[in-house]
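So this block is query.cif, mmCIF, C-alpha atoms:
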data_target
loop_
_atom_site.label_atom_id
_atom_site.label_comp_id
_atom_site.auth_asym_id
_atom_site.auth_seq_id
_atom_site.Cartn_x
_atom_site.Cartn_y
_atom_site.Cartn_z
CA MET A 3 -21.67 76.78 -68.77
CA ARG A 4 -24.89 75.45 -67.26
CA GLY A 5 -23.88 71.90 -68.09
CA ALA A 6 -20.54 72.41 -66.35
CA LYS A 7 -22.33 73.61 -63.22
CA ARG A 8 -24.61 70.57 -62.94
CA PRO A 9 -21.97 68.00 -61.85
CA LEU A 10 -20.52 70.47 -59.34
CA GLY A 11 -24.01 71.28 -58.12
CA ALA A 12 -24.71 67.58 -57.65
CA VAL A 13 -21.51 67.18 -55.64
CA MET A 14 -22.41 70.16 -53.45
CA ALA A 15 -25.89 68.74 -52.89
CA TRP A 16 -24.39 65.38 -51.86
CA VAL A 17 -21.97 67.08 -49.46
CA ARG A 18 -24.83 69.02 -47.84
CA GLN A 19 -26.61 65.75 -47.06
CA GLN A 20 -23.64 64.29 -45.19
CA PRO A 21 -23.36 64.35 -41.37
CA PRO A 22 -20.91 66.83 -39.77
CA LYS A 23 -18.21 64.21 -39.18
CA VAL A 24 -18.21 63.23 -42.86
CA LYS A 25 -18.07 66.90 -43.89
CA ALA A 26 -15.10 67.45 -41.59
CA PHE A 27 -13.34 64.40 -43.05
CA LEU A 28 -14.01 65.61 -46.60
CA ALA A 29 -12.65 69.06 -45.72
CA VAL A 30 -9.42 67.54 -44.37
CA VAL A 31 -9.03 65.31 -47.44
CA THR A 32 -9.67 68.24 -49.78
CA GLY A 33 -7.12 70.36 -47.92
CA MET A 34 -4.50 67.62 -48.09
CA ALA A 35 -5.15 67.11 -51.80
CA ALA A 36 -4.78 70.84 -52.40
CA LEU A 37 -1.46 70.84 -50.51
CA VAL A 38 -0.14 67.95 -52.60
CA PHE A 39 -1.23 69.75 -55.79
CA ILE A 40 0.43 73.02 -54.72
CA ARG A 41 3.62 71.21 -53.74
CA PHE A 42 4.05 69.87 -57.26
CA ILE A 43 3.17 73.05 -59.19
CA VAL A 44 4.89 75.65 -56.97
CA HIS A 45 8.63 75.04 -56.76
CA ASP A 46 9.55 78.00 -54.55
CA HIS A 47 7.15 77.81 -51.64
CA ASP A 48 8.11 81.32 -50.47
CA ASN A 49 5.98 82.48 -53.40
CA LEU A 50 2.95 81.15 -51.53
CA PHE A 51 3.48 83.70 -48.78
CA VAL A 52 3.70 86.50 -51.35
CA ALA A 53 0.56 85.14 -53.02
CA ALA A 54 -1.21 85.16 -49.64
CA GLU A 55 -0.30 88.83 -49.16
CA ALA A 56 -1.52 89.56 -52.69
CA ALA A 57 -4.85 87.82 -52.02
CA HIS A 58 -5.27 89.87 -48.83
CA ALA A 59 -4.48 93.06 -50.74
CA LEU A 60 -6.99 92.10 -53.43
CA GLY A 61 -9.65 91.61 -50.78
CA ILE A 62 -8.95 95.06 -49.33
CA ALA A 63 -9.08 96.53 -52.86
CA VAL A 64 -12.60 95.10 -53.18
CA LEU A 65 -13.51 96.79 -49.88
CA ILE A 66 -12.13 100.14 -51.03
CA TYR A 67 -14.14 99.85 -54.26
CA LYS A 68 -17.29 99.16 -52.25
CA LEU A 69 -16.66 102.10 -49.91
CA THR A 70 -15.80 104.64 -52.61
CA LYS A 71 -18.29 103.61 -55.31
CA GLU A 72 -21.31 102.41 -53.34
CA LYS A 73 -20.82 104.89 -50.49
CA THR A 74 -21.80 102.35 -47.84
CA CYS A 75 -20.01 100.23 -45.26
CA ALA A 76 -23.05 98.10 -44.42
CA GLY A 77 -22.00 94.54 -43.64
CA LEU A 78 -18.41 95.43 -42.73
CA SER A 79 -16.98 94.97 -39.26
CA LEU A 80 -14.99 97.94 -38.02
CA LYS A 81 -13.70 95.77 -35.18
CA SER A 82 -12.17 93.27 -37.61
CA GLN A 83 -10.48 96.11 -39.44
CA ASP A 84 -9.15 97.48 -36.13
CA LEU A 85 -7.70 94.06 -35.26
CA THR A 86 -6.20 93.76 -38.73
CA ALA A 87 -4.54 97.17 -38.43
CA LEU A 88 -3.25 96.25 -34.97
CA PHE A 89 -1.59 92.97 -35.95
CA LEU A 90 -0.21 94.53 -39.15
CA ALA A 91 1.29 97.45 -37.21
CA VAL A 92 2.90 95.11 -34.68
CA ARG A 93 4.17 92.81 -37.44
CA LEU A 94 5.54 95.80 -39.33
CA TYR A 95 7.41 96.92 -36.22
CA CYS A 96 8.85 93.43 -35.77
CA SER A 97 9.79 93.31 -39.43
CA PHE A 98 11.75 96.57 -39.17
CA VAL A 99 13.66 95.60 -36.03
CA MET A 100 14.09 91.88 -36.70
CA GLU A 101 13.91 91.05 -40.41
CA TYR A 102 13.51 93.61 -43.19
CA ASP A 103 12.46 91.99 -46.51
CA ILE A 104 9.79 92.04 -49.24
CA HIS A 105 7.11 91.19 -46.68
CA THR A 106 7.84 94.52 -44.97
CA VAL A 107 6.90 96.38 -48.14
CA LEU A 108 3.74 94.29 -48.61
CA ASP A 109 2.69 94.78 -44.99
CA THR A 110 3.23 98.54 -45.28
CA ALA A 111 0.91 98.75 -48.30
CA THR A 112 -1.69 96.50 -46.66
CA LEU A 113 -1.64 98.51 -43.43
CA ALA A 114 -2.08 101.79 -45.34
CA ALA A 115 -5.07 100.38 -47.20
CA THR A 116 -6.57 99.00 -43.98
CA LEU A 117 -6.21 102.37 -42.25
CA PHE A 118 -8.03 103.98 -45.18
CA VAL A 119 -10.89 101.47 -44.79
CA ILE A 120 -11.06 102.25 -41.06
CA TYR A 121 -11.14 106.01 -41.79
CA MET A 122 -13.99 105.55 -44.28
CA ILE A 123 -16.07 103.42 -41.89
CA ARG A 124 -15.41 105.50 -38.78
CA PHE A 125 -15.85 108.97 -40.28
CA LYS A 126 -17.06 109.23 -43.89
CA LEU A 127 -19.65 106.42 -43.92
CA ARG A 128 -20.50 106.21 -40.23
CA PRO A 129 -24.32 106.45 -40.79
CA THR A 130 -24.27 103.18 -42.77
CA TYR A 131 -22.16 101.29 -40.20
CA MET A 132 -24.08 98.44 -38.50
CA VAL A 133 -22.83 99.20 -35.02
CA ASP A 134 -25.56 97.10 -33.36
CA LYS A 135 -24.60 94.04 -35.41
CA ASP A 136 -20.85 94.51 -34.93
CA ASN A 137 -21.09 93.40 -31.30
CA PHE A 138 -18.09 91.09 -30.87
CA ALA A 139 -16.18 92.04 -27.71
CA LEU A 140 -12.55 92.63 -28.72
CA TYR A 141 -11.15 91.77 -25.30
CA TYR A 142 -12.24 88.18 -25.95
CA VAL A 143 -9.41 87.90 -28.48
CA VAL A 144 -6.91 90.66 -27.62
CA VAL A 145 -6.43 89.69 -23.97
CA PRO A 146 -5.98 85.92 -24.58
CA CYS A 147 -3.56 86.64 -27.44
CA ALA A 148 -1.52 88.98 -25.23
CA VAL A 149 -1.41 86.46 -22.38
CA LEU A 150 -0.48 83.64 -24.77
CA ALA A 151 2.28 85.80 -26.28
CA LEU A 152 3.73 86.39 -22.82
CA LEU A 153 3.75 82.66 -22.12
CA ILE A 154 4.74 81.26 -25.52
CA HIS A 155 7.00 83.30 -27.82
CA PRO A 156 10.15 82.79 -29.95
CA SER A 157 13.36 81.73 -28.22
CA THR A 158 15.63 83.62 -30.61
CA SER A 159 18.37 86.08 -29.64
CA HIS A 160 16.19 89.14 -30.25
CA ASN A 161 15.00 91.50 -27.53
CA ILE A 162 12.29 89.96 -25.32
CA VAL A 163 9.81 92.75 -26.16
CA ASN A 164 10.27 92.11 -29.88
CA ARG A 165 9.80 88.37 -29.43
CA ILE A 166 6.59 88.83 -27.44
CA SER A 167 5.32 91.33 -30.02
CA TRP A 168 6.02 88.87 -32.81
CA ALA A 169 4.06 86.15 -31.03
CA PHE A 170 1.19 88.55 -30.31
CA CYS A 171 0.73 89.48 -33.97
CA VAL A 172 0.83 85.80 -35.01
CA TYR A 173 -1.91 84.89 -32.53
CA LEU A 174 -4.02 87.98 -33.24
CA GLU A 175 -3.92 87.45 -37.00
CA ALA A 176 -5.36 83.97 -36.51
CA VAL A 177 -8.55 85.33 -34.90
CA SER A 178 -8.83 88.85 -36.38
CA VAL A 179 -11.65 87.85 -38.73
CA LEU A 180 -13.97 86.65 -35.95
CA PRO A 181 -15.81 90.00 -35.53
CA GLN A 182 -16.52 90.06 -39.29
CA LEU A 183 -17.89 86.52 -39.19
CA ARG A 184 -19.99 87.40 -36.14
CA LEU A 185 -21.48 90.42 -37.92
CA MET A 186 -22.36 88.32 -40.96
CA GLN A 187 -23.94 85.69 -38.74
CA ASN A 188 -26.03 88.41 -37.10
CA THR A 189 -27.28 89.74 -40.43
CA LYS A 190 -27.60 86.29 -42.09
CA ILE A 191 -27.32 87.99 -45.51
CA VAL A 192 -23.95 88.98 -47.01
CA GLU A 193 -23.81 91.30 -50.00
CA PRO A 194 -21.39 90.43 -52.85
CA PHE A 195 -18.46 92.79 -52.13
CA THR A 196 -18.24 91.77 -48.47
CA ALA A 197 -18.47 88.10 -49.48
CA HIS A 198 -15.66 88.56 -52.03
CA TYR A 199 -13.52 90.22 -49.37
CA VAL A 200 -13.97 87.47 -46.79
CA PHE A 201 -13.39 84.78 -49.43
CA ALA A 202 -10.15 86.54 -50.43
CA LEU A 203 -9.13 86.39 -46.77
CA GLY A 204 -9.89 82.67 -46.77
CA VAL A 205 -7.71 82.14 -49.84
CA ALA A 206 -4.93 84.22 -48.26
CA ARG A 207 -5.05 82.24 -45.04
CA PHE A 208 -4.99 78.92 -46.90
CA LEU A 209 -1.97 79.97 -49.00
CA SER A 210 -0.14 81.15 -45.88
CA CYS A 211 -0.94 77.89 -44.12
CA ALA A 212 0.20 75.92 -47.17
CA HIS A 213 3.46 77.88 -47.17
CA TRP A 214 4.26 76.88 -43.59
CA VAL A 215 3.13 73.26 -43.90
CA LEU A 216 5.10 72.68 -47.11
CA GLN A 217 8.18 74.42 -45.71
CA VAL A 218 8.09 72.11 -42.69
CA LEU A 219 7.74 69.07 -44.94
CA ASP A 220 10.50 70.15 -47.32
CA THR A 221 12.95 70.79 -44.47
CA ARG A 222 11.91 67.59 -42.69
CA GLY A 223 11.00 69.57 -39.61
CA ARG A 224 14.22 71.62 -39.50
CA LEU A 225 12.21 74.81 -40.01
CA LEU A 226 10.47 74.26 -36.69
CA THR A 227 13.86 73.90 -35.02
CA ALA A 228 15.07 77.11 -36.67
CA LEU A 229 12.10 78.96 -35.18
CA GLY A 230 13.29 78.05 -31.70
CA TYR A 231 12.55 75.45 -29.08
CA GLY A 232 9.62 74.75 -26.76
CA LEU A 233 5.99 75.22 -27.80
CA TRP A 234 6.53 78.25 -30.06
CA PRO A 235 7.20 76.40 -33.37
CA SER A 236 4.10 74.26 -32.90
CA MET A 237 2.02 77.34 -32.01
CA VAL A 238 3.06 79.08 -35.23
CA LEU A 239 1.87 76.12 -37.28
CA LEU A 240 -1.27 75.73 -35.18
CA SER A 241 -2.15 79.42 -35.62
CA GLU A 242 -1.93 79.05 -39.40
CA ILE A 243 -4.18 75.99 -39.33
CA VAL A 244 -6.70 77.61 -36.96
CA GLN A 245 -7.16 80.73 -39.06
CA THR A 246 -7.64 78.58 -42.17
CA PHE A 247 -10.35 76.44 -40.58
CA ILE A 248 -12.11 79.51 -39.11
CA LEU A 249 -12.85 80.67 -42.66
CA ALA A 250 -13.34 77.24 -44.23
CA ASP A 251 -17.07 77.07 -43.44
CA PHE A 252 -17.75 80.49 -44.94
CA CYS A 253 -15.75 79.65 -48.07
CA TYR A 254 -17.88 76.53 -48.52
CA TYR A 255 -21.09 78.58 -48.53
CA TYR A 256 -19.48 81.18 -50.77
CA VAL A 257 -18.65 78.57 -53.42
CA LYS A 258 -22.09 77.03 -52.98
CA SER A 259 -23.66 80.43 -53.59
CA LEU A 260 -21.60 80.98 -56.75
CA VAL A 261 -22.52 77.54 -58.07
CA GLY A 262 -26.18 78.32 -57.45
CA GLY A 263 -25.88 81.64 -59.30
CA GLN A 264 -26.81 83.70 -56.22
CA LEU A 265 -25.43 87.22 -55.99
CA VAL A 266 -26.34 87.58 -52.32
CA LEU A 267 -24.94 85.02 -49.89
CA ARG A 268 -27.37 83.73 -47.26
CA LEU A 269 -25.81 82.09 -44.23
CA PRO A 270 -27.66 79.44 -42.24
CA SER A 271 -27.56 79.45 -38.45
CA GLY A 272 -24.43 78.01 -36.87
CA VAL A 273 -21.92 78.90 -39.59
CA VAL A 274 -19.94 81.03 -37.14
#

Here is the file; what I need is its structure written in the form of structure tokens.
Amino acid sequence: MRGAKRPLGAVMAWVRQQPPKVKAFLAVVTGMAALVFIRFIVHDHDNLFVAAEAAHALGIAVLIYKLTKEKTCAGLSLKSQDLTALFLAVRLYCSFVMEYDIHTVLDTATLAATLFVIYMIRFKLRPTYMVDKDNFALYYVVVPCAVLALLIHPSTSHNIVNRISWAFCVYLEAVSVLPQLRLMQNTKIVEPFTAHYVFALGVARFLSCAHWVLQVLDTRGRLLTALGYGLWPSMVLLSEIVQTFILADFCYYYVKSLVGGQLVLRLPSGVV
């Protein structure tokens, strides 16, 4: 096992020595290679979206285990959980009135679990909540997302309120993890369960992004046309890419920590 880690450790050490532009290029190349690999092994790309939901649910399951077994919510951002519950509730509403399918069931389960996490942090484990570290102002993301949804939303035949709500939850999901990343940057040290949760979110976001990118490629761009006209189709794809890159840096340090055999993840300045 140790011998298997050495080549990977050497690669990680080489990557760390590269300038930021080279690291960014390597990240893009790695992402493209992963997309090509997924395209060949996953025939039904809708399964990627289900897998993304499953990864998110797994991350929340890790949180629930932490809250119920360790009796502490230290290191968790209540504000990120509030944003997650908000975009899930809006998406669930849109799913009921616009398109009822398997994703509706998955979103219902995920929202219920998220509400339980919020209840535990806000009431049961409040003394362990790092309120001074969880200092990201929510209006920095909620207000811009609401304004953007008013300006750029689907051009389908649905009710205008439903279309704006759909756009709002897409934009909000892309940035909902920012308070959690800010809290971790403030503490600089991330305990294992929180790190596993955020990494699961990163995996979920990548799979969701891969689903959209591969669907666009397979339909030769017709999927974007089906979503409507104007800027909305591009914004959907851009939102998926943005939320993937937001978590990419953390995922790099998470893998680096695992390779180094560290149980506690230490973040350098400037990760978030």

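Rounded to one decimal, CA of Val145 in chain A and CA of Asn164 in chain A lie 17.9 Å from each other.
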
Given the file shown, enumerate the residues that the PyMOL selection byres ((chain A and resi 177-187) around 6) captures and present them as a compact mmCIF listing (two decimals) with C-alpha atoms, in the frame of the given file.
# COMPACT_ATOMS: atom_id res chain seq x y z
CA SER A 79 -16.98 94.97 -39.26
CA SER A 82 -12.17 93.27 -37.61
CA LEU A 85 -7.70 94.06 -35.26
CA LYS A 135 -24.60 94.04 -35.41
CA ASP A 136 -20.85 94.51 -34.93
CA PHE A 138 -18.09 91.09 -30.87
CA LEU A 174 -4.02 87.98 -33.24
CA GLU A 175 -3.92 87.45 -37.00
CA ALA A 176 -5.36 83.97 -36.51
CA ASN A 188 -26.03 88.41 -37.10
CA THR A 189 -27.28 89.74 -40.43
CA LYS A 190 -27.60 86.29 -42.09

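For the choices A:Met132, A:Met122, A:Ala169, A:Ala197, the atom-to-atom distance to Lys71 in chain A is smallest for A:Met122 when using all atoms listed in the file.
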
So the first atom is CA of Val119 in chain A and the second is CA of Phe89 in chain A; what is the distance between them in Å, to one decimal place?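 The value is 15.4 Å.
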
Can you report as lines of an AutoDock Vina configuration file the centre and edge lengths in Å, to one decimal, of an axis-aligned box around the listed atoms of range 77-90 of chain A padded with 4 Å on each side?
center_x = -11.1
center_y = 95.5
center_z = -39.3
size_x = 29.8
size_y = 13.0
size_z = 16.7

Any idea what's packed within 8 Å of Gly61 in chain A, counting only C-alpha atoms, ignoring anything in its chain fewer than 3 positions away? Could you give it as a PyMOL selection string? chain A and resi 57-58+64-65+198-203

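CA of Cys75 in chain A lies 23.4 Å from CA of Tyr141 in chain A.
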
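With only C-alpha atoms as the basis for measurement, A:Leu127 is the residue among A:Glu55, A:Tyr255, A:Leu127, A:Leu94 that approaches Lys68 in chain A most closely.
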
Residues in the PyMOL selection byres ((chain A and resi 243) around 12), expressed as an mmCIF file with C-alpha atoms, in the frame of the given file:
data_model
loop_
_atom_site.group_PDB
_atom_site.id
_atom_site.type_symbol
_atom_site.label_atom_id
_atom_site.label_comp_id
_atom_site.auth_asym_id
_atom_site.auth_seq_id
_atom_site.Cartn_x
_atom_site.Cartn_y
_atom_site.Cartn_z
ATOM 1 C CA VAL A 30 -9.420 67.540 -44.370
ATOM 2 C CA GLY A 33 -7.120 70.360 -47.920
ATOM 3 C CA VAL A 172 0.830 85.800 -35.010
ATOM 4 C CA TYR A 173 -1.910 84.890 -32.530
ATOM 5 C CA GLU A 175 -3.920 87.450 -37.000
ATOM 6 C CA ALA A 176 -5.360 83.970 -36.510
ATOM 7 C CA VAL A 177 -8.550 85.330 -34.900
ATOM 8 C CA GLY A 204 -9.890 82.670 -46.770
ATOM 9 C CA ARG A 207 -5.050 82.240 -45.040
ATOM 10 C CA PHE A 208 -4.990 78.920 -46.900
ATOM 11 C CA LEU A 209 -1.970 79.970 -49.000
ATOM 12 C CA SER A 210 -0.140 81.150 -45.880
ATOM 13 C CA CYS A 211 -0.940 77.890 -44.120
ATOM 14 C CA ALA A 212 0.200 75.920 -47.170
ATOM 15 C CA HIS A 213 3.460 77.880 -47.170
ATOM 16 C CA TRP A 214 4.260 76.880 -43.590
ATOM 17 C CA VAL A 215 3.130 73.260 -43.900
ATOM 18 C CA SER A 236 4.100 74.260 -32.900
ATOM 19 C CA MET A 237 2.020 77.340 -32.010
ATOM 20 C CA VAL A 238 3.060 79.080 -35.230
ATOM 21 C CA LEU A 239 1.870 76.120 -37.280
ATOM 22 C CA LEU A 240 -1.270 75.730 -35.180
ATOM 23 C CA SER A 241 -2.150 79.420 -35.620
ATOM 24 C CA GLU A 242 -1.930 79.050 -39.400
ATOM 25 C CA VAL A 244 -6.700 77.610 -36.960
ATOM 26 C CA GLN A 245 -7.160 80.730 -39.060
ATOM 27 C CA THR A 246 -7.640 78.580 -42.170
ATOM 28 C CA PHE A 247 -10.350 76.440 -40.580
ATOM 29 C CA ILE A 248 -12.110 79.510 -39.110
ATOM 30 C CA LEU A 249 -12.850 80.670 -42.660
ATOM 31 C CA ALA A 250 -13.340 77.240 -44.230
#

Leu90 in chain A surroundings by all atoms listed in the file, 8 Å radius, close-in-sequence under 5 positions cut, as a list of chain:residue names: A:Asp109, A:Thr112, A:Leu113, A:Cys171

Which residue gives the smallest distance to Tyr131 in chain A among A:Cys147, A:Leu88, A:Leu69, A:Leu260, with all atoms listed in the file counted? A:Leu69
